[in-house]
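File shown: work.cif. Contents: mmCIF, C-alpha atoms.
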```
data_work
loop_
_atom_site.label_atom_id
_atom_site.label_comp_id
_atom_site.auth_asym_id
_atom_site.auth_seq_id
_atom_site.Cartn_x
_atom_site.Cartn_y
_atom_site.Cartn_z
CA MET A 402 11.79 18.96 35.22
CA THR A 403 14.80 19.26 32.97
CA PHE A 404 14.90 20.88 29.55
CA ARG A 405 15.31 17.42 27.98
CA LYS A 406 12.03 16.28 29.57
CA TYR A 407 10.19 19.34 28.27
CA LEU A 408 11.57 18.48 24.83
CA VAL A 409 10.15 14.93 25.09
CA LEU A 410 6.70 16.31 26.06
CA ALA A 411 6.90 18.75 23.12
CA GLY A 412 7.81 15.78 20.90
CA VAL A 413 4.67 13.91 22.01
CA THR A 414 2.51 16.97 21.28
CA LEU A 415 4.06 17.97 17.95
CA CYS A 416 4.41 14.46 16.50
CA ALA A 417 0.81 13.50 17.33
CA ALA A 418 -0.75 16.67 15.90
CA THR A 419 1.36 16.92 12.73
CA GLY A 420 1.25 13.14 12.17
CA ASP A 421 -2.57 13.12 12.31
CA SER A 422 -2.78 16.16 10.03
CA LEU A 423 -0.44 14.66 7.42
CA LEU A 424 -2.28 11.31 7.52
CA SER A 425 -5.58 13.14 7.04
CA ARG A 426 -4.22 15.09 4.06
CA GLY A 427 -2.66 11.99 2.52
CA MET A 428 -5.77 9.83 2.91
CA LYS A 429 -7.88 12.57 1.26
CA GLU A 430 -5.53 12.37 -1.75
CA VAL A 431 -5.66 8.56 -1.77
CA GLY A 432 -9.48 8.51 -1.63
CA SER A 433 -11.82 6.03 0.03
CA ILE A 434 -10.58 2.46 0.42
CA SER A 435 -12.99 -0.44 -0.02
CA LEU A 436 -12.95 -3.42 2.33
CA ARG A 437 -13.05 -5.56 -0.83
CA HIS A 438 -9.61 -4.26 -1.82
CA PRO A 439 -7.55 -4.21 1.40
CA SER A 440 -4.35 -4.16 -0.69
CA ASP A 441 -5.17 -0.51 -1.44
CA LEU A 442 -4.18 0.20 2.16
CA LEU A 443 -0.61 -0.88 1.35
CA LEU A 444 -0.60 1.39 -1.70
CA ALA A 445 -1.70 4.28 0.53
CA ILE A 446 1.70 4.08 2.26
CA THR A 447 3.37 5.10 -1.01
CA ASN A 448 1.67 8.50 -0.72
CA PRO A 449 4.39 10.81 0.69
CA TRP A 450 2.03 12.56 3.13
CA VAL A 451 0.87 9.22 4.54
CA ALA A 452 4.47 7.95 4.77
CA ILE A 453 5.70 11.04 6.66
CA GLY A 454 2.56 10.90 8.85
CA ILE A 455 3.35 7.30 9.84
CA VAL A 456 6.98 8.21 10.66
CA LEU A 457 5.73 11.08 12.86
CA LEU A 458 3.22 8.81 14.64
CA LEU A 459 6.05 6.35 15.34
CA GLY A 460 7.94 9.33 16.79
CA PHE A 461 4.85 10.12 18.90
CA PHE A 462 4.73 6.57 20.29
CA ALA A 463 8.46 6.56 21.12
CA SER A 464 8.32 9.94 22.89
CA TYR A 465 5.05 8.99 24.69
CA MET A 466 6.68 5.82 26.05
CA THR A 467 9.78 7.79 27.04
CA ALA A 468 7.66 10.32 28.95
CA LEU A 469 5.78 7.52 30.74
CA SER A 470 9.12 6.09 31.91
CA TRP A 471 9.71 9.12 34.17
CA ALA A 472 6.30 10.77 34.67
CA ASP A 473 2.84 9.81 35.92
CA LEU A 474 0.10 8.96 33.45
CA THR A 475 -2.07 11.68 35.02
CA TYR A 476 0.73 14.17 34.25
CA VAL A 477 1.64 13.07 30.71
CA LEU A 478 -1.90 12.92 29.29
CA PRO A 479 -3.04 16.46 30.22
CA ALA A 480 0.44 17.96 29.64
CA THR A 481 0.49 16.68 26.05
CA SER A 482 -3.11 17.58 25.24
CA LEU A 483 -1.93 20.86 23.68
CA GLY A 484 -1.81 18.73 20.53
CA TYR A 485 -5.59 19.21 20.24
CA VAL A 486 -5.03 22.98 20.31
CA LEU A 487 -2.30 22.67 17.67
CA LEU A 488 -4.66 20.60 15.50
CA ALA A 489 -7.33 23.31 15.71
CA ILE A 490 -4.78 25.97 14.72
CA ILE A 491 -3.55 23.84 11.79
CA ALA A 492 -7.20 23.30 10.79
CA LYS A 493 -7.85 27.06 10.81
CA TYR A 494 -4.69 28.38 9.17
CA GLY A 495 -3.43 25.36 7.21
CA LEU A 496 -6.67 23.74 6.06
CA HIS A 497 -8.82 26.94 6.22
CA GLU A 498 -11.53 25.30 8.33
CA GLU A 499 -13.84 27.38 10.52
CA VAL A 500 -13.05 27.46 14.26
CA THR A 501 -16.23 28.44 16.13
CA PRO A 502 -16.26 30.43 19.42
CA MET A 503 -17.22 27.18 21.20
CA ARG A 504 -14.00 25.59 19.91
CA TRP A 505 -11.93 28.59 21.02
CA PHE A 506 -13.47 28.11 24.48
CA GLY A 507 -12.41 24.44 24.29
CA ILE A 508 -8.86 25.58 23.45
CA LEU A 509 -8.94 27.90 26.47
CA LEU A 510 -10.05 25.04 28.77
CA ILE A 511 -7.32 22.69 27.50
CA SER A 512 -4.64 25.36 27.87
CA GLY A 513 -5.84 26.03 31.43
CA GLY A 514 -5.72 22.30 32.23
CA VAL A 515 -2.18 22.02 30.86
CA GLY A 516 -1.14 25.05 32.91
CA PHE A 517 -2.62 23.46 36.05
CA VAL A 518 -0.91 20.08 35.73
CA THR A 519 2.52 21.34 34.67
CA GLN A 520 2.78 23.45 37.85
CA GLY A 521 2.98 20.26 39.94
CA PRO A 522 5.46 17.38 40.20
CA GLU A 523 5.66 14.96 37.25
CA LEU A 524 6.05 11.84 39.40
CA THR A 525 4.17 11.01 42.61
CA HIS A 526 4.59 7.23 42.90
CA PRO A 527 7.55 5.60 41.17
CA ALA A 528 7.07 1.86 40.72
CA PRO A 529 9.97 -0.29 41.94
CA PRO A 530 12.21 -1.18 39.00
CA LYS A 531 12.86 -4.77 37.96
CA LYS A 532 15.87 -6.53 39.46
CA GLU A 533 17.47 -6.51 36.01
CA ALA A 534 17.02 -2.74 35.79
CA ILE A 535 18.90 -2.29 39.08
CA SER A 536 21.76 -4.50 37.93
CA THR A 537 22.12 -2.47 34.71
CA ARG A 538 22.31 0.77 36.66
CA VAL A 539 25.17 -0.37 38.86
CA THR A 540 27.10 -1.94 35.98
CA PRO A 541 29.44 0.62 34.37
CA MET B 477 -31.29 1.05 19.03
CA LYS B 478 -28.66 3.31 17.48
CA PHE B 479 -28.23 4.95 20.88
CA VAL B 480 -27.34 1.58 22.46
CA TYR B 481 -24.79 0.77 19.71
CA GLU B 482 -23.16 4.20 19.96
CA TRP B 483 -22.76 4.16 23.73
CA SER B 484 -21.62 0.51 23.71
CA ALA B 485 -18.86 1.52 21.30
CA ILE B 486 -17.95 4.56 23.43
CA LEU B 487 -17.78 2.35 26.54
CA ALA B 488 -15.58 -0.18 24.73
CA ILE B 489 -13.24 2.54 23.43
CA VAL B 490 -12.90 4.18 26.86
CA LEU B 491 -12.31 0.86 28.67
CA ALA B 492 -9.80 -0.48 26.13
CA SER B 493 -7.97 2.83 25.79
CA THR B 494 -7.70 3.34 29.55
CA THR B 495 -6.53 -0.26 30.04
CA GLY B 496 -3.90 0.29 27.35
CA ASP B 497 -2.64 3.56 28.86
CA VAL B 498 -2.44 2.07 32.37
CA LEU B 499 -0.58 -1.05 31.15
CA LEU B 500 1.87 1.00 29.05
CA SER B 501 2.50 3.34 31.98
CA ARG B 502 3.13 0.36 34.30
CA ALA B 503 5.46 -1.23 31.74
CA MET B 504 7.53 1.93 31.35
CA LYS B 505 7.81 2.43 35.13
CA GLN B 506 9.17 -1.14 35.33
CA VAL B 507 11.67 -0.42 32.56
CA GLY B 508 12.83 2.77 34.28
CA ASP B 509 14.07 6.08 32.84
CA VAL B 510 14.59 5.30 29.16
CA GLY B 511 17.06 8.17 28.69
CA ALA B 512 19.35 6.91 31.47
CA LEU B 513 19.10 3.30 30.26
CA TYR B 514 19.91 4.38 26.68
CA ARG B 515 23.04 6.24 27.81
CA GLN B 516 24.20 3.26 29.88
CA ALA B 517 23.32 0.28 27.72
CA GLY B 518 22.36 1.51 24.23
CA LEU B 519 19.24 1.51 22.06
CA TRP B 520 19.04 -2.26 21.55
CA LYS B 521 18.93 -2.87 25.30
CA VAL B 522 16.12 -0.31 25.65
CA ILE B 523 14.07 -1.92 22.88
CA SER B 524 14.62 -5.48 24.08
CA ARG B 525 13.76 -4.63 27.67
CA ILE B 526 10.52 -2.87 26.67
CA ALA B 527 9.55 -5.69 24.29
CA ARG B 528 10.11 -8.30 27.03
CA THR B 529 7.81 -6.52 29.49
CA PRO B 530 4.42 -8.36 29.53
CA SER B 531 2.51 -5.19 30.47
CA PHE B 532 3.80 -3.51 27.30
CA LEU B 533 2.55 -6.28 25.03
CA LEU B 534 -0.83 -6.36 26.80
CA GLY B 535 -1.01 -2.57 26.58
CA VAL B 536 -0.42 -2.60 22.83
CA LEU B 537 -3.11 -5.31 22.53
CA ALA B 538 -5.58 -3.14 24.50
CA MET B 539 -4.72 -0.13 22.30
CA THR B 540 -5.43 -2.25 19.22
CA VAL B 541 -8.83 -3.23 20.66
CA ALA B 542 -9.53 0.49 21.31
CA PHE B 543 -8.62 1.36 17.71
CA TYR B 544 -10.93 -1.27 16.22
CA SER B 545 -13.71 -0.32 18.66
CA LEU B 546 -13.39 3.23 17.35
CA LEU B 547 -13.62 2.01 13.76
CA PHE B 548 -16.74 -0.05 14.56
CA GLY B 549 -18.21 2.85 16.54
CA LEU B 550 -17.68 5.23 13.64
CA SER B 551 -19.43 2.80 11.30
CA TRP B 552 -22.44 2.55 13.65
CA GLY B 553 -22.85 6.12 14.85
CA ASP B 554 -22.07 9.78 14.34
CA VAL B 555 -18.46 10.90 14.52
CA SER B 556 -19.63 14.12 16.23
CA LEU B 557 -20.71 12.04 19.25
CA ILE B 558 -18.30 9.07 19.24
CA ALA B 559 -15.01 11.01 18.87
CA PRO B 560 -15.47 13.75 21.51
CA ALA B 561 -17.34 11.56 24.02
CA SER B 562 -14.75 8.77 23.92
CA ALA B 563 -11.74 11.15 23.97
CA SER B 564 -12.99 13.24 26.88
CA LEU B 565 -14.29 10.31 28.96
CA THR B 566 -10.92 8.58 28.48
CA PHE B 567 -9.19 11.49 30.28
CA VAL B 568 -11.48 11.11 33.29
CA ALA B 569 -11.29 7.29 33.27
CA ASN B 570 -7.48 7.49 33.12
CA ALA B 571 -7.39 9.71 36.22
CA ILE B 572 -9.56 7.20 38.13
CA ALA B 573 -7.59 4.17 36.89
CA ALA B 574 -4.22 5.81 37.62
CA LYS B 575 -5.32 6.48 41.20
CA PHE B 576 -6.43 2.91 41.88
CA PHE B 577 -4.18 0.76 39.67
CA LEU B 578 -0.97 2.81 39.44
CA HIS B 579 -1.33 4.36 42.93
CA GLU B 580 -0.59 7.83 41.58
CA ARG B 581 -1.42 10.71 43.90
CA VAL B 582 -4.24 12.36 41.94
CA ASP B 583 -4.69 15.57 43.91
CA ARG B 584 -7.11 18.43 43.32
CA ARG B 585 -4.74 20.01 40.77
CA ARG B 586 -4.67 16.85 38.62
CA TRP B 587 -8.44 16.34 38.86
CA MET B 588 -8.97 19.92 37.72
CA ALA B 589 -6.52 19.44 34.85
CA ALA B 590 -8.18 16.16 33.75
CA LEU B 591 -11.70 17.66 33.89
CA MET B 592 -10.68 20.88 32.09
CA VAL B 593 -8.90 18.97 29.32
CA ALA B 594 -11.83 16.53 29.04
CA GLY B 595 -14.28 19.45 28.69
CA GLY B 596 -12.01 21.23 26.24
CA VAL B 597 -11.57 18.16 24.06
CA PHE B 598 -15.35 17.61 24.04
CA LEU B 599 -15.93 21.20 22.84
CA LEU B 600 -13.12 21.01 20.27
CA ALA B 601 -14.08 17.68 18.76
CA GLY B 602 -17.83 18.08 19.07
#
```
Please, can you express the file's structure as structure tokens?
Amino acid sequence: MTFRKYLVLAGVTLCAATGDSLLSRGMKEVGSISLRHPSDLLLAITNPWVAIGIVLLLGFFASYMTALSWADLTYVLPATSLGYVLLAIIAKYGLHEEVTPMRWFGILLISGGVGFVTQGPELTHPAPPKKEAISTRVTP
Amino acid sequence: MKFVYEWSAILAIVLASTTGDVLLSRAMKQVGDVGALYRQAGLWKVISRIARTPSFLLGVLAMTVAFYSLLFGLSWGDVSLIAPASASLTFVANAIAAKFFLHERVDRRRWMAALMVAGGVFLLAG
């Protein structure tokens, strides 16, 4: 694993957790949206928290796809689940929500799982690339 | 009856989400290392190659189905059951699907990681 790959995994984790948090904060400011007025959903995007949240979630998707291009699914999913831990910490210190002992135990389990999976190789079965992919690699 | 609706929604979310993850993973393995491709051919080539991969489009479709299943599930049942149950079961279902459909070597270490994260997510979200 190179430093660049660790950065991509950190991008998946950070973008997902902060994107969800910002969307949550923004949608609380916007208020409930009725199915009778779906155009309100478009107005919600003008809320700065929602807008930044959407940009971060796009960043999450891009870094998630990048990680899947060089690592197994069973590596990427547990390795990036630290986002749940980050969300709990944001909830406690940023949103002042209560984090019960049961939730701290959940955080411990997730951290243990991440530690387990990141000790091993990130790729166990690379799929053969498309013919076009091979031709691009040999073309300078 | 509520029990049946809730668990039907959870099943739909887990199936659609797992299908989406497996298809996206397959698509990106076909595309190859995005970083290397970007350095060789540029961003437009990366985007066009991903967008022309059928597995990617099907994966996004499956993810959309998972999202709407979650919305329906949340309207039928309690968020304290739907969210943690679907999130944690998806981790386990992904490990099984990756073994059989992506032929990943899911060894004891990865099973332990998937089960620990699934348990942790259930406790956190519950």
Please identify every residue of chain B that has at least one atom no farther than 6 Å from an atom of chain A, counting all atoms listed in the file, and for each give the shortest atom pair and the distance in Å to one decimal, arranged by chain then increasing number, as CSV.
```
residue,atom,partner,partner_atom,distance
B:Ser501,CA,A:Leu469,CA,5.5
B:Met504,CA,A:Ser470,CA,4.5
B:Lys505,CA,A:Ser470,CA,5.0
B:Gln506,CA,A:Pro530,CA,4.8
B:Gly508,CA,A:Ser470,CA,5.5
B:Asp509,CA,A:Ser470,CA,5.0
B:Val510,CA,A:Thr467,CA,5.8
B:Ala571,CA,A:Thr475,CA,5.8
B:Glu580,CA,A:His526,CA,5.4
B:Arg581,CA,A:Thr525,CA,5.7
B:Arg586,CA,A:Val518,CA,5.7
B:Ala589,CA,A:Gly514,CA,4.0
B:Met592,CA,A:Gly514,CA,5.2
B:Val593,CA,A:Ile511,CA,4.4
B:Gly596,CA,A:Gly507,CA,3.8
B:Leu599,CA,A:Gly507,CA,5.0
B:Leu600,CA,A:Arg504,CA,4.7
```
Might you pull out every residue within 12 Å of Leu423 (chain A), with all atoms listed in the file counted and same-chain residues fewer than 6 positions away left off, and present them as an MDAnalysis selection string? chainID A and resid 415:417 429:430 446 448:458 488 491:492 495:496
Quote the spacing between CA of Asp421 (chain A) and CA of Asp497 (chain B) in Å to one decimal place.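 Separation between CA of Asp421 (chain A) and CA of Asp497 (chain B): 19.1 Å.
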Tell me, as a ChimeraX atom specification, which residues lie within 7 Å of Thr481 (chain A), counting all atoms listed in the file; anything in the same chain fewer than 4 positions away does not count. /A:410,413-414,477
Padded axis-aligned box of region 539-547 of chain B (6 Å per side), centre and edge lengths, Å, one decimal, as lines of an AutoDock Vina configuration file:
```
center_x = -9.2
center_y = 0.0
center_z = 18.0
size_x = 21.0
size_y = 18.5
size_z = 20.5
```
Starting from the displayed file, determine the output of the PyMOL selection byres ((chain B and resi 525-534) around 7) and express the residue list as a ChimeraX atom specification. /B:499-500,502-503,507,521-524,535-538
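Residue nearest Ala569 (chain B) within the list B:Gln516, B:Met477, B:Leu546, B:Leu591: B:Leu591 [criterion: smallest interatomic distance, all atoms listed in the file].
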Write out as a PyMOL selection string which residues come within 8 Å of Ile486 (chain B) when counting all atoms listed in the file, dropping same-chain ones fewer than 2 positions away. chain B and resi 482-484+488-490+546+549+558+561-562
Expand the PyMOL selection byres ((chain B and resi 494) around 8) into the explicit residue set it covers here, and present it as a ChimeraX atom specification. /B:490-493,495-498,566,569-570,573
Keeping C-alpha atoms, export the residues of the selection given above as a PDB file, in the coordinates of the input.
```pdb
ATOM      1  CA  VAL B 490     -12.900   4.180  26.860  1.00  0.00           C
ATOM      2  CA  LEU B 491     -12.310   0.860  28.670  1.00  0.00           C
ATOM      3  CA  ALA B 492      -9.800  -0.480  26.130  1.00  0.00           C
ATOM      4  CA  SER B 493      -7.970   2.830  25.790  1.00  0.00           C
ATOM      5  CA  THR B 495      -6.530  -0.260  30.040  1.00  0.00           C
ATOM      6  CA  GLY B 496      -3.900   0.290  27.350  1.00  0.00           C
ATOM      7  CA  ASP B 497      -2.640   3.560  28.860  1.00  0.00           C
ATOM      8  CA  VAL B 498      -2.440   2.070  32.370  1.00  0.00           C
ATOM      9  CA  THR B 566     -10.920   8.580  28.480  1.00  0.00           C
ATOM     10  CA  ALA B 569     -11.290   7.290  33.270  1.00  0.00           C
ATOM     11  CA  ASN B 570      -7.480   7.490  33.120  1.00  0.00           C
ATOM     12  CA  ALA B 573      -7.590   4.170  36.890  1.00  0.00           C
TER      13      ALA B 573
END
```
Kindly resolve the PyMOL selection byres ((chain B and resi 564) around 7) on the present coordinates and return the residues as a ChimeraX atom specification. /B:560-563,565-568,594-595,597-598
Just C-alpha atoms for this one: save the residues we selected as an mmCIF file, in the frame of the given file.
```
data_model
loop_
_atom_site.group_PDB
_atom_site.id
_atom_site.type_symbol
_atom_site.label_atom_id
_atom_site.label_comp_id
_atom_site.auth_asym_id
_atom_site.auth_seq_id
_atom_site.Cartn_x
_atom_site.Cartn_y
_atom_site.Cartn_z
ATOM 1 C CA PRO B 560 -15.470 13.750 21.510
ATOM 2 C CA ALA B 561 -17.340 11.560 24.020
ATOM 3 C CA SER B 562 -14.750 8.770 23.920
ATOM 4 C CA ALA B 563 -11.740 11.150 23.970
ATOM 5 C CA LEU B 565 -14.290 10.310 28.960
ATOM 6 C CA THR B 566 -10.920 8.580 28.480
ATOM 7 C CA PHE B 567 -9.190 11.490 30.280
ATOM 8 C CA VAL B 568 -11.480 11.110 33.290
ATOM 9 C CA ALA B 594 -11.830 16.530 29.040
ATOM 10 C CA GLY B 595 -14.280 19.450 28.690
ATOM 11 C CA VAL B 597 -11.570 18.160 24.060
ATOM 12 C CA PHE B 598 -15.350 17.610 24.040
#
```
One decimal, in Å: what's the spacing between CA of Ile572 (chain B) and CA of Arg584 (chain B)?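 The value is 12.6 Å.
You will find CA of Gly553 (chain B) at 8.9 Å from CA of Ala485 (chain B).
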My structure is short of atoms at region 521-555 of chain B; please model N, CA and C atoms there, returning them as a PDB file, keeping the file's coordinate frame.
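That gives us selection.pdb:
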```pdb
ATOM      1  N   LYS B 521      19.301  -2.438  23.960  1.00  0.00           N
ATOM      2  CA  LYS B 521      18.930  -2.870  25.300  1.00  0.00           C
ATOM      3  C   LYS B 521      17.579  -2.264  25.696  1.00  0.00           C
ATOM      4  N   VAL B 522      17.387  -0.980  25.337  1.00  0.00           N
ATOM      5  CA  VAL B 522      16.120  -0.310  25.650  1.00  0.00           C
ATOM      6  C   VAL B 522      14.967  -1.039  24.960  1.00  0.00           C
ATOM      7  N   ILE B 523      15.144  -1.287  23.653  1.00  0.00           N
ATOM      8  CA  ILE B 523      14.070  -1.920  22.880  1.00  0.00           C
ATOM      9  C   ILE B 523      13.791  -3.336  23.397  1.00  0.00           C
ATOM     10  N   SER B 524      14.844  -4.093  23.658  1.00  0.00           N
ATOM     11  CA  SER B 524      14.620  -5.480  24.080  1.00  0.00           C
ATOM     12  C   SER B 524      13.977  -5.533  25.460  1.00  0.00           C
ATOM     13  N   ARG B 525      14.371  -4.596  26.337  1.00  0.00           N
ATOM     14  CA  ARG B 525      13.760  -4.630  27.670  1.00  0.00           C
ATOM     15  C   ARG B 525      12.275  -4.251  27.606  1.00  0.00           C
ATOM     16  N   ILE B 526      11.936  -3.254  26.796  1.00  0.00           N
ATOM     17  CA  ILE B 526      10.520  -2.870  26.670  1.00  0.00           C
ATOM     18  C   ILE B 526       9.731  -4.022  26.055  1.00  0.00           C
ATOM     19  N   ALA B 527      10.267  -4.627  24.995  1.00  0.00           N
ATOM     20  CA  ALA B 527       9.550  -5.690  24.290  1.00  0.00           C
ATOM     21  C   ALA B 527       9.365  -6.928  25.164  1.00  0.00           C
ATOM     22  N   ARG B 528      10.233  -7.122  26.167  1.00  0.00           N
ATOM     23  CA  ARG B 528      10.110  -8.300  27.030  1.00  0.00           C
ATOM     24  C   ARG B 528       9.241  -8.028  28.253  1.00  0.00           C
ATOM     25  N   THR B 529       8.682  -6.838  28.353  1.00  0.00           N
ATOM     26  CA  THR B 529       7.810  -6.520  29.490  1.00  0.00           C
ATOM     27  C   THR B 529       6.366  -6.914  29.144  1.00  0.00           C
ATOM     28  N   PRO B 530       5.778  -7.886  29.874  1.00  0.00           N
ATOM     29  CA  PRO B 530       4.420  -8.360  29.530  1.00  0.00           C
ATOM     30  C   PRO B 530       3.390  -7.233  29.493  1.00  0.00           C
ATOM     31  N   SER B 531       3.497  -6.277  30.424  1.00  0.00           N
ATOM     32  CA  SER B 531       2.510  -5.190  30.470  1.00  0.00           C
ATOM     33  C   SER B 531       2.516  -4.391  29.174  1.00  0.00           C
ATOM     34  N   PHE B 532       3.708  -4.254  28.562  1.00  0.00           N
ATOM     35  CA  PHE B 532       3.800  -3.510  27.300  1.00  0.00           C
ATOM     36  C   PHE B 532       3.016  -4.210  26.198  1.00  0.00           C
ATOM     37  N   LEU B 533       3.225  -5.527  26.090  1.00  0.00           N
ATOM     38  CA  LEU B 533       2.550  -6.280  25.030  1.00  0.00           C
ATOM     39  C   LEU B 533       1.031  -6.260  25.237  1.00  0.00           C
ATOM     40  N   LEU B 534       0.604  -6.417  26.505  1.00  0.00           N
ATOM     41  CA  LEU B 534      -0.830  -6.360  26.800  1.00  0.00           C
ATOM     42  C   LEU B 534      -1.388  -4.962  26.527  1.00  0.00           C
ATOM     43  N   GLY B 535      -0.587  -3.948  26.833  1.00  0.00           N
ATOM     44  CA  GLY B 535      -1.010  -2.570  26.580  1.00  0.00           C
ATOM     45  C   GLY B 535      -1.217  -2.298  25.107  1.00  0.00           C
ATOM     46  N   VAL B 536      -0.282  -2.787  24.276  1.00  0.00           N
ATOM     47  CA  VAL B 536      -0.420  -2.600  22.830  1.00  0.00           C
ATOM     48  C   VAL B 536      -1.670  -3.343  22.335  1.00  0.00           C
ATOM     49  N   LEU B 537      -1.911  -4.540  22.908  1.00  0.00           N
ATOM     50  CA  LEU B 537      -3.110  -5.310  22.530  1.00  0.00           C
ATOM     51  C   LEU B 537      -4.382  -4.514  22.878  1.00  0.00           C
ATOM     52  N   ALA B 538      -4.408  -3.926  24.076  1.00  0.00           N
ATOM     53  CA  ALA B 538      -5.580  -3.140  24.500  1.00  0.00           C
ATOM     54  C   ALA B 538      -5.753  -1.911  23.594  1.00  0.00           C
ATOM     55  N   MET B 539      -4.640  -1.284  23.204  1.00  0.00           N
ATOM     56  CA  MET B 539      -4.720  -0.130  22.300  1.00  0.00           C
ATOM     57  C   MET B 539      -5.281  -0.540  20.937  1.00  0.00           C
ATOM     58  N   THR B 540      -4.909  -1.743  20.490  1.00  0.00           N
ATOM     59  CA  THR B 540      -5.430  -2.250  19.220  1.00  0.00           C
ATOM     60  C   THR B 540      -6.945  -2.457  19.308  1.00  0.00           C
ATOM     61  N   VAL B 541      -7.386  -3.026  20.448  1.00  0.00           N
ATOM     62  CA  VAL B 541      -8.830  -3.230  20.660  1.00  0.00           C
ATOM     63  C   VAL B 541      -9.538  -1.862  20.644  1.00  0.00           C
ATOM     64  N   ALA B 542      -8.922  -0.854  21.282  1.00  0.00           N
ATOM     65  CA  ALA B 542      -9.530   0.490  21.310  1.00  0.00           C
ATOM     66  C   ALA B 542      -9.653   1.049  19.899  1.00  0.00           C
ATOM     67  N   PHE B 543      -8.605   0.839  19.084  1.00  0.00           N
ATOM     68  CA  PHE B 543      -8.620   1.360  17.710  1.00  0.00           C
ATOM     69  C   PHE B 543      -9.744   0.721  16.897  1.00  0.00           C
ATOM     70  N   TYR B 544      -9.869  -0.606  16.998  1.00  0.00           N
ATOM     71  CA  TYR B 544     -10.930  -1.270  16.220  1.00  0.00           C
ATOM     72  C   TYR B 544     -12.312  -0.945  16.772  1.00  0.00           C
ATOM     73  N   SER B 545     -12.414  -0.747  18.100  1.00  0.00           N
ATOM     74  CA  SER B 545     -13.710  -0.320  18.660  1.00  0.00           C
ATOM     75  C   SER B 545     -14.106   1.029  18.099  1.00  0.00           C
ATOM     76  N   LEU B 546     -13.107   1.908  17.930  1.00  0.00           N
ATOM     77  CA  LEU B 546     -13.390   3.230  17.350  1.00  0.00           C
ATOM     78  C   LEU B 546     -13.877   3.088  15.907  1.00  0.00           C
ATOM     79  N   LEU B 547     -13.195   2.204  15.156  1.00  0.00           N
ATOM     80  CA  LEU B 547     -13.620   2.010  13.760  1.00  0.00           C
ATOM     81  C   LEU B 547     -15.051   1.494  13.697  1.00  0.00           C
ATOM     82  N   PHE B 548     -15.374   0.485  14.550  1.00  0.00           N
ATOM     83  CA  PHE B 548     -16.740  -0.050  14.560  1.00  0.00           C
ATOM     84  C   PHE B 548     -17.728   1.038  15.006  1.00  0.00           C
ATOM     85  N   GLY B 549     -17.340   1.781  16.047  1.00  0.00           N
ATOM     86  CA  GLY B 549     -18.210   2.850  16.540  1.00  0.00           C
ATOM     87  C   GLY B 549     -18.519   3.869  15.467  1.00  0.00           C
ATOM     88  N   LEU B 550     -17.491   4.233  14.693  1.00  0.00           N
ATOM     89  CA  LEU B 550     -17.680   5.230  13.640  1.00  0.00           C
ATOM     90  C   LEU B 550     -18.574   4.691  12.527  1.00  0.00           C
ATOM     91  N   SER B 551     -18.562   3.361  12.348  1.00  0.00           N
ATOM     92  CA  SER B 551     -19.430   2.800  11.300  1.00  0.00           C
ATOM     93  C   SER B 551     -20.867   2.690  11.778  1.00  0.00           C
ATOM     94  N   TRP B 552     -21.072   2.664  13.124  1.00  0.00           N
ATOM     95  CA  TRP B 552     -22.440   2.550  13.650  1.00  0.00           C
ATOM     96  C   TRP B 552     -23.075   3.906  13.920  1.00  0.00           C
ATOM     97  N   GLY B 553     -22.258   4.873  14.363  1.00  0.00           N
ATOM     98  CA  GLY B 553     -22.850   6.120  14.850  1.00  0.00           C
ATOM     99  C   GLY B 553     -22.214   7.359  14.257  1.00  0.00           C
ATOM    100  N   ASP B 554     -22.559   8.499  14.849  1.00  0.00           N
ATOM    101  CA  ASP B 554     -22.070   9.780  14.340  1.00  0.00           C
ATOM    102  C   ASP B 554     -20.702  10.102  14.929  1.00  0.00           C
ATOM    103  N   VAL B 555     -19.809  10.555  14.064  1.00  0.00           N
ATOM    104  CA  VAL B 555     -18.460  10.900  14.520  1.00  0.00           C
ATOM    105  C   VAL B 555     -18.512  12.065  15.505  1.00  0.00           C
TER     106      VAL B 555
END
```
